[in-house]
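Here is the file my_file_0.cif (mmCIF, C-alpha atoms).
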```cif
data_protein
loop_
_atom_site.label_atom_id
_atom_site.label_comp_id
_atom_site.auth_asym_id
_atom_site.auth_seq_id
_atom_site.Cartn_x
_atom_site.Cartn_y
_atom_site.Cartn_z
CA MET M 1 0.00 0.00 0.00
CA SER M 2 1.82 3.04 -1.22
CA HIS M 3 1.40 6.42 -2.81
CA HIS M 4 3.07 9.08 -4.92
CA LEU M 5 4.74 10.97 -2.08
CA ASP M 6 6.65 8.20 -0.33
CA THR M 7 9.95 10.01 0.14
CA PRO M 8 12.86 9.84 0.49
CA LEU M 9 12.82 6.09 -0.12
CA ALA M 10 10.46 6.27 -3.09
CA ALA M 11 12.68 8.85 -4.74
CA GLN M 12 15.68 6.58 -4.19
CA ASN M 13 14.03 3.62 -5.87
CA GLY M 14 10.53 4.44 -7.00
CA GLN M 15 10.63 1.41 -9.26
CA LEU M 16 9.30 -0.66 -6.38
CA PHE M 17 6.65 1.70 -5.03
CA ILE M 18 3.09 1.56 -6.26
CA ASP M 19 1.25 4.79 -7.00
CA ASP M 20 -2.12 3.51 -8.23
CA LEU M 21 -4.13 0.43 -9.15
CA TYR M 22 -6.92 0.61 -11.73
CA VAL M 23 -9.38 -2.14 -12.75
CA PHE M 24 -12.04 -1.58 -15.39
CA ALA M 25 -13.80 -3.09 -18.38
CA GLY M 26 -12.30 -3.06 -21.85
CA PRO M 27 -14.05 -4.22 -25.02
CA GLY M 28 -14.86 -7.81 -24.04
CA SER M 29 -12.09 -7.78 -21.48
CA THR M 30 -10.89 -6.82 -18.01
CA VAL M 31 -8.09 -4.25 -17.76
CA PHE M 32 -5.60 -4.12 -14.88
CA VAL M 33 -3.22 -1.16 -14.54
CA MET M 34 -0.41 -0.75 -12.01
CA ASP M 35 1.46 2.58 -11.85
CA VAL M 36 4.83 2.90 -10.10
CA ASN M 37 7.82 5.25 -10.01
CA SER M 38 6.07 8.64 -10.13
CA ASP M 39 8.21 11.69 -10.81
CA ILE M 40 6.03 13.91 -8.55
CA THR M 41 8.97 14.15 -6.14
CA GLY M 42 11.30 15.35 -8.88
CA VAL M 43 13.51 13.44 -11.27
CA TYR M 44 13.19 9.75 -10.46
CA ALA M 45 16.48 8.15 -9.50
CA ARG M 46 16.16 5.17 -11.81
CA PRO M 47 13.90 5.13 -14.87
CA GLY M 48 12.16 1.95 -15.93
CA PHE M 49 11.28 -1.14 -13.92
CA HIS M 50 13.48 -2.96 -11.43
CA PRO M 51 15.18 -5.89 -13.21
CA GLU M 52 15.37 -7.95 -10.01
CA ALA M 53 11.73 -7.44 -9.04
CA ARG M 54 8.36 -8.98 -9.73
CA TYR M 55 5.23 -6.93 -10.36
CA GLU M 56 2.08 -8.92 -9.60
CA PHE M 57 -1.66 -8.52 -10.06
CA LYS M 58 -3.56 -10.65 -7.52
CA VAL M 59 -7.17 -11.72 -8.05
CA HIS M 60 -9.45 -13.20 -5.35
CA LEU M 61 -12.69 -14.88 -6.46
CA ASP M 62 -16.08 -14.84 -4.71
CA GLY M 63 -14.81 -13.18 -1.56
CA ALA M 64 -12.04 -15.71 -0.94
CA ALA M 65 -9.42 -14.72 1.62
CA PHE M 66 -6.59 -15.69 -0.72
CA GLU M 67 -5.88 -15.14 -4.39
CA ASP M 68 -6.89 -17.70 -7.01
CA LEU M 69 -5.12 -15.99 -9.91
CA THR M 70 -1.83 -14.11 -10.14
CA TYR M 71 -0.31 -12.39 -13.15
CA ARG M 72 3.43 -11.91 -12.64
CA ILE M 73 5.44 -9.48 -14.77
CA SER M 74 9.24 -9.38 -14.70
CA PHE M 75 11.74 -7.24 -16.56
CA GLY M 76 15.28 -7.52 -17.84
CA ALA M 77 18.05 -4.96 -17.55
CA PRO M 78 17.62 -1.87 -19.76
CA ASP M 79 19.46 -1.83 -23.08
CA ARG M 80 21.31 1.18 -24.45
CA ASP M 81 17.96 2.69 -25.52
CA GLY M 82 16.48 2.19 -22.08
CA ARG M 83 14.12 -0.56 -23.27
CA GLN M 84 13.65 -3.68 -21.18
CA ALA M 85 12.64 -7.22 -22.05
CA LEU M 86 9.50 -8.32 -20.23
CA ARG M 87 7.80 -11.60 -19.41
CA LEU M 88 4.29 -12.41 -18.24
CA HIS M 89 3.46 -15.55 -16.25
CA GLU M 90 0.08 -16.77 -15.04
CA LEU M 91 -0.40 -18.69 -11.79
CA THR M 92 -3.70 -20.26 -10.72
CA GLY M 93 -5.06 -22.11 -7.71
CA ALA M 94 -2.60 -22.77 -4.88
CA ALA M 95 0.29 -21.69 -7.11
CA ALA M 96 -1.14 -18.15 -7.23
CA ARG M 97 -0.15 -17.75 -3.59
CA GLU M 98 3.34 -19.23 -3.82
CA ASP M 99 6.44 -17.20 -4.63
CA THR M 100 8.28 -20.43 -5.40
CA ALA M 101 5.79 -21.50 -8.09
CA PRO M 102 7.19 -20.84 -11.58
CA GLY M 103 3.85 -20.18 -13.25
CA GLU M 104 2.88 -20.68 -16.87
CA PRO M 105 4.60 -18.43 -19.43
CA VAL M 106 2.05 -16.33 -21.33
CA LEU M 107 4.03 -13.90 -23.46
CA GLU M 108 7.27 -12.00 -23.90
CA GLY M 109 7.95 -8.54 -25.25
CA ARG M 110 9.68 -5.22 -24.63
CA THR M 111 8.77 -2.07 -22.80
CA GLY M 112 7.22 0.66 -24.90
CA GLU M 113 5.71 -1.87 -27.32
CA PRO M 114 2.36 -3.71 -27.17
CA CYS M 115 2.61 -7.48 -27.00
CA ALA M 116 -0.11 -10.12 -27.15
CA ALA M 117 -0.74 -13.86 -26.99
CA ASN M 118 -3.94 -15.94 -26.75
CA GLY M 119 -6.11 -12.84 -26.48
CA ILE M 120 -4.09 -11.32 -23.62
CA ARG M 121 -2.44 -7.95 -24.23
CA LEU M 122 0.31 -6.24 -22.25
CA TRP M 123 1.99 -2.85 -22.43
CA ALA M 124 4.57 -1.42 -20.03
CA GLY M 125 6.51 1.82 -20.10
CA ARG M 126 6.63 5.48 -19.12
CA ALA M 127 3.24 7.16 -19.35
CA ALA M 128 1.34 10.27 -18.31
CA ASP M 129 -0.14 9.96 -14.83
CA PRO M 130 -3.97 10.17 -14.92
CA PHE M 131 -4.22 10.69 -11.14
CA TYR M 132 -5.47 14.10 -9.99
CA ILE M 133 -5.80 15.91 -6.66
CA ASP M 134 -4.87 19.24 -5.09
CA LEU M 135 -2.37 18.26 -2.42
CA SER M 136 -3.32 21.20 -0.20
CA LEU M 137 -6.71 19.53 0.38
CA LEU M 138 -5.03 16.26 1.30
CA ALA M 139 -2.83 18.14 3.77
CA LEU M 140 -5.91 19.40 5.64
CA VAL M 141 -7.28 15.89 6.08
CA ASN M 142 -3.82 14.52 6.93
CA GLY M 143 -3.53 17.04 9.74
CA ALA M 144 -6.90 16.01 11.16
CA VAL M 145 -6.12 12.29 11.02
CA ALA M 146 -2.73 12.82 12.64
CA GLY M 147 -4.21 14.98 15.38
CA GLY M 148 -7.36 12.93 15.95
CA THR M 149 -9.61 15.91 15.25
CA VAL M 150 -12.46 16.87 12.95
CA PRO M 151 -10.93 18.44 9.80
CA ASP M 152 -11.30 22.20 9.46
CA LEU M 153 -12.10 22.82 5.80
CA ALA M 154 -13.13 26.44 6.26
CA ALA M 155 -10.02 27.65 4.45
CA TRP M 156 -10.50 25.25 1.54
CA ASN M 157 -12.00 26.83 -1.58
CA PRO M 158 -12.76 24.17 -4.22
CA GLN M 159 -12.92 26.86 -6.90
CA ASP M 160 -9.20 27.47 -6.43
CA ALA M 161 -8.22 23.80 -6.76
CA GLN M 162 -5.31 22.91 -9.02
CA ASN M 163 -4.20 19.45 -10.15
CA SER M 164 -0.87 18.90 -8.40
CA PHE M 165 -0.13 16.01 -10.78
CA ALA M 166 -0.51 17.88 -14.05
CA GLY M 167 2.35 16.95 -16.36
CA THR M 168 3.71 14.17 -14.14
CA THR M 169 4.56 10.66 -15.35
CA VAL M 170 4.74 7.11 -14.02
CA GLU M 171 5.93 3.71 -15.12
CA SER M 172 2.73 1.91 -16.08
CA ILE M 173 1.91 -1.79 -16.54
CA VAL M 174 -1.30 -2.40 -18.49
CA LEU M 175 -2.68 -5.95 -18.67
CA GLU M 176 -5.83 -6.79 -20.62
CA VAL M 177 -7.44 -10.22 -20.20
CA PRO M 178 -10.36 -11.33 -22.43
CA HIS M 179 -13.70 -12.48 -21.04
CA SER M 180 -12.97 -15.91 -22.49
CA HIS M 181 -10.55 -16.51 -19.61
CA PRO M 182 -12.01 -19.35 -17.48
CA LEU M 183 -11.69 -17.41 -14.21
CA LEU M 184 -12.47 -13.91 -15.47
CA ARG M 185 -15.74 -14.52 -17.27
CA PRO M 186 -18.51 -11.91 -17.04
CA GLY M 187 -20.25 -12.04 -13.67
CA ALA M 188 -17.21 -13.25 -11.75
CA ARG M 189 -16.92 -11.41 -8.41
CA THR M 190 -13.30 -10.47 -7.88
CA GLY M 191 -11.13 -8.65 -5.38
CA VAL M 192 -7.92 -7.24 -6.86
CA TRP M 193 -4.67 -5.99 -5.40
CA CYS M 194 -1.15 -5.65 -6.69
CA ALA M 195 2.32 -6.02 -5.23
CA THR M 196 5.98 -5.50 -5.95
CA LYS M 197 8.44 -8.12 -4.75
CA LEU M 198 12.20 -8.15 -4.69
CA ALA M 199 14.60 -11.09 -4.81
CA THR M 200 16.40 -11.72 -1.53
CA ASP M 201 19.98 -12.83 -0.96
CA ALA M 202 18.64 -16.09 0.47
CA GLY M 203 16.98 -16.93 -2.84
CA GLY M 204 13.41 -16.08 -1.90
CA TRP M 205 11.18 -13.07 -2.47
CA ARG M 206 10.21 -10.20 -0.18
CA GLN M 207 7.01 -8.23 -0.71
CA ILE M 208 8.04 -4.57 -0.80
CA ASN M 209 4.78 -2.79 -1.47
CA ARG M 210 1.12 -3.43 -2.24
CA ALA M 211 -2.03 -1.54 -3.19
CA GLY M 212 -5.78 -2.14 -3.37
CA TYR M 213 -8.10 0.75 -2.55
CA PRO M 214 -6.82 4.18 -3.64
CA MET M 215 -5.57 6.80 -1.17
CA MET M 216 -5.10 4.42 1.76
CA TRP M 217 -1.52 5.34 2.51
CA PRO M 218 -1.66 9.09 1.93
CA ILE M 219 -4.69 9.37 4.23
CA PHE M 220 -3.73 7.07 7.09
CA TRP M 221 0.08 6.74 7.03
CA PRO M 222 1.50 9.73 5.12
CA GLY M 223 4.58 9.94 7.32
CA ASP M 224 5.76 6.36 6.77
CA THR M 225 8.52 7.47 4.44
CA ASP M 226 10.88 4.66 5.40
CA PHE M 227 8.25 1.90 4.96
CA THR M 228 8.60 0.44 8.41
CA ASN M 229 4.83 -0.08 8.62
CA PRO M 230 4.17 -3.84 8.46
CA ALA M 231 1.19 -3.31 6.16
CA ASN M 232 3.65 -3.17 3.27
CA THR M 233 4.65 -6.79 3.68
CA ARG M 234 1.52 -8.46 5.03
CA HIS M 235 -1.20 -10.22 3.07
CA PRO M 236 -4.65 -8.54 2.82
CA SER M 237 -6.18 -11.41 4.82
CA GLN M 238 -4.24 -10.08 7.83
CA ASP M 239 -5.42 -6.46 7.47
CA PHE M 240 -8.40 -6.33 9.79
CA PRO M 241 -6.98 -8.45 12.63
CA ALA M 242 -3.74 -6.45 12.53
CA ASP M 243 -5.00 -2.91 11.98
CA GLY M 244 -8.81 -2.82 11.92
CA GLU M 245 -9.31 -1.30 15.37
CA HIS M 246 -6.60 1.28 14.79
CA LEU M 247 -8.09 2.41 11.49
CA ALA M 248 -11.58 2.48 13.01
CA GLY M 249 -10.30 4.75 15.75
CA LEU M 250 -8.72 7.16 13.27
CA VAL M 251 -11.95 7.40 11.29
CA ALA M 252 -14.06 7.82 14.43
CA ALA M 253 -11.98 10.82 15.48
CA VAL M 254 -12.18 12.72 12.19
CA ALA M 255 -15.85 11.84 11.61
CA ALA M 256 -16.99 12.80 15.13
CA GLY M 257 -18.73 15.94 13.93
CA ALA M 258 -20.56 14.22 11.10
CA THR M 259 -22.26 11.26 12.81
CA GLY M 260 -24.06 10.51 16.05
CA ASP M 261 -22.08 7.28 16.50
CA PRO M 262 -18.43 7.96 15.58
CA GLY M 263 -17.24 4.62 16.92
CA GLY M 264 -19.79 2.68 14.92
CA TYR M 265 -19.02 4.70 11.81
CA GLY M 266 -15.31 4.07 12.23
CA ARG M 267 -15.83 0.33 12.49
CA THR M 268 -18.09 0.36 9.42
CA VAL M 269 -15.45 2.16 7.36
CA ALA M 270 -12.72 -0.16 8.61
CA ARG M 271 -14.79 -3.16 7.49
CA GLU M 272 -15.31 -1.47 4.11
CA LEU M 273 -11.62 -0.82 3.51
CA PHE M 274 -10.16 -4.00 5.02
CA PRO M 275 -9.11 -6.34 3.58
CA ASP M 276 -7.51 -3.85 1.21
CA VAL M 277 -8.59 -5.40 -2.09
CA LEU M 278 -10.47 -3.55 -4.82
CA PRO M 279 -13.83 -5.23 -5.62
CA TYR M 280 -14.89 -5.65 -9.23
CA VAL M 281 -17.57 -7.71 -10.99
CA VAL M 282 -16.15 -8.78 -14.33
CA GLY M 283 -18.00 -7.46 -17.36
CA THR M 284 -19.76 -4.62 -15.53
CA PRO M 285 -19.06 -0.89 -15.86
CA ALA M 286 -16.35 0.09 -13.41
CA THR M 287 -17.08 2.97 -11.06
CA PHE M 288 -15.36 4.34 -7.99
CA GLY M 289 -17.97 6.69 -6.62
CA PHE M 290 -20.24 7.52 -3.71
CA ALA M 291 -23.03 5.12 -4.67
CA ALA M 292 -20.79 2.16 -5.50
CA ARG M 293 -17.16 1.09 -5.60
CA ASN M 294 -16.76 -1.47 -8.36
CA GLY M 295 -13.27 -1.45 -9.82
CA ARG M 296 -11.63 1.87 -10.54
CA PRO M 297 -11.46 3.56 -13.95
CA PRO M 298 -8.71 6.19 -14.37
CA ALA M 299 -11.18 9.06 -14.81
CA ASP M 300 -13.06 8.69 -11.53
CA ASN M 301 -12.37 11.12 -8.70
CA ALA M 302 -11.15 8.55 -6.19
CA PRO M 303 -9.55 11.10 -3.84
CA GLU M 304 -12.86 12.94 -3.38
CA VAL M 305 -14.67 9.68 -2.64
CA MET M 306 -12.08 8.43 -0.17
CA LEU M 307 -11.71 11.73 1.69
CA SER M 308 -15.49 11.97 2.05
CA LEU M 309 -15.78 8.34 3.20
CA VAL M 310 -13.12 8.75 5.86
CA THR M 311 -14.38 12.07 7.24
CA GLY M 312 -18.07 11.12 7.05
CA THR M 313 -18.97 14.29 5.19
CA ALA M 314 -18.79 15.67 1.65
CA VAL M 315 -15.28 16.89 0.82
CA PRO M 316 -15.45 18.64 -2.58
CA SER M 317 -12.12 18.38 -4.37
CA GLY M 318 -12.92 21.15 -6.84
CA LEU M 319 -11.63 18.96 -9.67
CA THR M 320 -13.47 16.92 -12.31
CA PRO M 321 -12.27 14.16 -14.63
CA ALA M 322 -11.80 16.78 -17.35
CA VAL M 323 -8.75 18.16 -15.57
CA ALA M 324 -6.73 15.05 -16.50
CA ALA M 325 -8.52 14.08 -19.72
CA GLY M 326 -5.32 14.46 -21.72
CA GLN M 327 -3.50 12.00 -19.46
CA ARG M 328 -5.54 8.89 -20.31
CA ALA M 329 -6.74 7.09 -23.42
CA GLY M 330 -9.94 5.27 -24.36
CA ALA M 331 -8.28 2.39 -26.22
CA PHE M 332 -5.42 0.00 -25.50
CA PRO M 333 -3.04 0.63 -23.82
CA TYR M 334 -5.43 3.10 -22.10
CA VAL M 335 -2.47 5.32 -21.10
CA ILE M 336 -0.61 8.06 -22.93
CA PRO M 337 3.00 6.93 -23.50
CA ALA M 338 5.48 9.56 -22.36
#
```

Please, can you express the file's structure as structure tokens?
Amino acid sequence: MSHHLDTPLAAQNGQLFIDDLYVFAGPGSTVFVMDVNSDITGVYARPGFHPEARYEFKVHLDGAAFEDLTYRISFGAPDRDGRQALRLHELTGAAAREDTAPGEPVLEGRTGEPCAANGIRLWAGRAADPFYIDLSLLALVNGAVAGGTVPDLAAWNPQDAQNSFAGTTVESIVLEVPHSHPLLRPGARTGVWCATKLATDAGGWRQINRAGYPMMWPIFWPGDTDFTNPANTRHPSQDFPADGEHLAGLVAAVAAGATGDPGGYGRTVARELFPDVLPYVVGTPATFGFAARNGRPPADNAPEVMLSLVTGTAVPSGLTPAVAAGQRAGAFPYVIPA
């Protein structure tokens, strides 16, 4: 669970730190997007993807505690043009949960170029970042969460909002899986998260970072710049037992002025957000909004939804999807290569 502003460690090796996860419907397909290595903190230390890492999309089916499907992407060292070889493996069943399982090879290709096999398409490379928020609004909510107080938004004027991420870029992995896939057929109820993992000296793999719902880290743990929080390395099935009461207490404090039962509201939100996996029903329109959270398309105003959910009151961001319209695309690879 990470975010764009994880510094200084993210700036040192942003290749391993996840900025956003998107899940939405394509034409007869499901699209998964993982963004890492944002340049919001300045020039990123190392362009491209980490050649000793794995980037994984994890899919739970029918509310299962553990994943039934994993797509694993790995990269080679960059060539003189900065391009990297890439490989995609699929793991199903018990193998989807095992770092030692080799998986089934699906396709190979290179960054910056679309590649496809058996109806599956993959693109990876530097792209415009479709995320949008005014960071001054986030700072107001951060202060309230940190202080255990109701946020004071009196000084916030939505009409003055500016997209702090205008012109920024990320390394993006875009995976498109057709509805003919036996586990991702229309109607399948999924929970999706993603992770980066790094090879260890002992020959195993260490989970470095993960993401499910948007905005989790910047709202609740914005100061964890050295990634000592154990949520980075744990599995989503451990979220509520490990951190549910703590998160509920944070929400109760900031929502105290918006509900007659802050404690109950906090527990409800904690149950909504933990385990931290993004729900999506395959084949349905994705939406991350106030009425429903079903996947997450790049255009939706996820920060506004999450800030309002956590504080228990409407938090207008002042921004609409139009502000970042030029930073996303309607057809594969659904991103704007940078």

Item checked: Matched chain/residue IDs from the PyMOL selection byres ((chain M and resi 247-250) around 7), as a list in words ->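 So the PyMOL selection byres ((chain M and resi 247-250) around 7), applied here, picks out Val145, Gly148, Asp243, Gly244, Glu245, His246, Val251, Ala252, Ala253, Val254, Gly266, Arg267, Val269 and Ala270 of chain M.
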
Give me, as a PDB file with C-alpha atoms, in the coordinates of the input, all polymer residues having an atom no more than 9 Å from Ala324 in chain M, counting all atoms listed in the file and skipping those fewer than 2 positions away in the same chain.
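Output contents, as saved in selection09.pdb:
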```pdb
ATOM      1  CA  ASP M 129      -0.140   9.960 -14.830  1.00  0.00           C
ATOM      2  CA  PRO M 130      -3.970  10.170 -14.920  1.00  0.00           C
ATOM      3  CA  PHE M 131      -4.220  10.690 -11.140  1.00  0.00           C
ATOM      4  CA  TYR M 132      -5.470  14.100  -9.990  1.00  0.00           C
ATOM      5  CA  ASN M 163      -4.200  19.450 -10.150  1.00  0.00           C
ATOM      6  CA  PHE M 165      -0.130  16.010 -10.780  1.00  0.00           C
ATOM      7  CA  ALA M 166      -0.510  17.880 -14.050  1.00  0.00           C
ATOM      8  CA  ALA M 299     -11.180   9.060 -14.810  1.00  0.00           C
ATOM      9  CA  THR M 320     -13.470  16.920 -12.310  1.00  0.00           C
ATOM     10  CA  PRO M 321     -12.270  14.160 -14.630  1.00  0.00           C
ATOM     11  CA  ALA M 322     -11.800  16.780 -17.350  1.00  0.00           C
ATOM     12  CA  GLY M 326      -5.320  14.460 -21.720  1.00  0.00           C
ATOM     13  CA  GLN M 327      -3.500  12.000 -19.460  1.00  0.00           C
ATOM     14  CA  ARG M 328      -5.540   8.890 -20.310  1.00  0.00           C
TER      15      ARG M 328
END
```

Go through range 234-334 of chain M residue by residue and, counting all atoms listed in the file, keep those with an atom at most 8 Å from range 186-207 of chain M; for each kept residue give the shortest atom pair and its distance in Å to one decimal, ordered by chain and increasing number, as a tab-separated table.
```
residue	atom	partner	partner_atom	distance
M:Arg234	CA	M:Gln207	CA	7.9
M:Asp276	CA	M:Trp193	CA	7.5
M:Val277	CA	M:Val192	CA	5.2
M:Leu278	CA	M:Val192	CA	4.9
M:Pro279	CA	M:Gly191	CA	4.4
M:Tyr280	CA	M:Thr190	CA	5.3
M:Val281	CA	M:Arg189	CA	4.6
M:Val282	CA	M:Pro186	CA	4.8
M:Gly283	CA	M:Pro186	CA	4.5
M:Thr284	CA	M:Pro186	CA	7.5
```

Near range 209-218 of chain M, 10 Å: range 38-91 of chain M residue rows, closest pairs, only C-alpha atoms, as a Markdown table:
```
| residue | atom | partner | partner_atom | distance |
| --- | --- | --- | --- | --- |
| M:Tyr55 | CA | M:Arg210 | CA | 9.8 |
| M:Glu56 | CA | M:Arg210 | CA | 9.2 |
| M:Phe57 | CA | M:Arg210 | CA | 9.7 |
| M:Lys58 | CA | M:Gly212 | CA | 9.7 |
```

Checklist line | Residue IDs satisfying the PyMOL selection byres ((chain M and resi 237) around 10), as a list in words | finding: Ala64, Ala65, Phe66, Glu67, Arg234, His235, Pro236, Gln238, Asp239, Phe240, Pro241, Ala242, Phe274, Pro275, Asp276 and Val277 of chain M

Margin query: Expand the PyMOL selection byres ((chain M and resi 101-107) around 9) into the explicit residue set it covers here, and present it as an MDAnalysis selection string.
Written below: chainID M and resid 70:72 86:92 95:100 108:109 115:118 120:122

Counting all atoms listed in the file, note down every residue that has an atom within 9 Å of the point (-15.0, -6.6, -18.6) (file coordinates), as a compact mmCIF listing (two decimals) with C-alpha atoms, in the coordinates of the input.
```txt
# COMPACT_ATOMS: atom_id res chain seq x y z
CA PHE M 24 -12.04 -1.58 -15.39
CA ALA M 25 -13.80 -3.09 -18.38
CA GLY M 26 -12.30 -3.06 -21.85
CA PRO M 27 -14.05 -4.22 -25.02
CA GLY M 28 -14.86 -7.81 -24.04
CA SER M 29 -12.09 -7.78 -21.48
CA THR M 30 -10.89 -6.82 -18.01
CA VAL M 31 -8.09 -4.25 -17.76
CA VAL M 177 -7.44 -10.22 -20.20
CA PRO M 178 -10.36 -11.33 -22.43
CA HIS M 179 -13.70 -12.48 -21.04
CA LEU M 184 -12.47 -13.91 -15.47
CA ARG M 185 -15.74 -14.52 -17.27
CA PRO M 186 -18.51 -11.91 -17.04
CA VAL M 281 -17.57 -7.71 -10.99
CA VAL M 282 -16.15 -8.78 -14.33
CA GLY M 283 -18.00 -7.46 -17.36
CA THR M 284 -19.76 -4.62 -15.53
CA PRO M 285 -19.06 -0.89 -15.86
CA ALA M 286 -16.35 0.09 -13.41
```

Note to self: Using only C-alpha atoms, can you tell me which of M:Leu135, M:Arg110, M:Val150, M:Asp20 comes closest to Pro78 in chain M?
What the structure shows: M:Arg110

Next item on the list: Return the single residue from M:Thr228, M:Gly119, M:Val323, M:Asn157 that is closest to Ser180 in chain M, with distances computed using all atoms listed in the file.
Entry: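 That would be M:Gly119, the residue with the smallest distance to Ser180 in chain M.
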
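Interatomic distance, CA of Ser172 in chain M to CA of Leu69 in chain M: 20.5 Å.
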
Notebook entry, point to check: Using all atoms listed in the file, which residue out of M:Ala94, M:Leu319, M:Ala139, M:Val174 lies closest to Leu21 in chain M?
Noted result: M:Val174

Next item on the list: Could you check which of M:Val170, M:Ala124, M:Ala155, M:Thr149 is closest to Phe17 in chain M, using all atoms listed in the file?
Entry: M:Val170
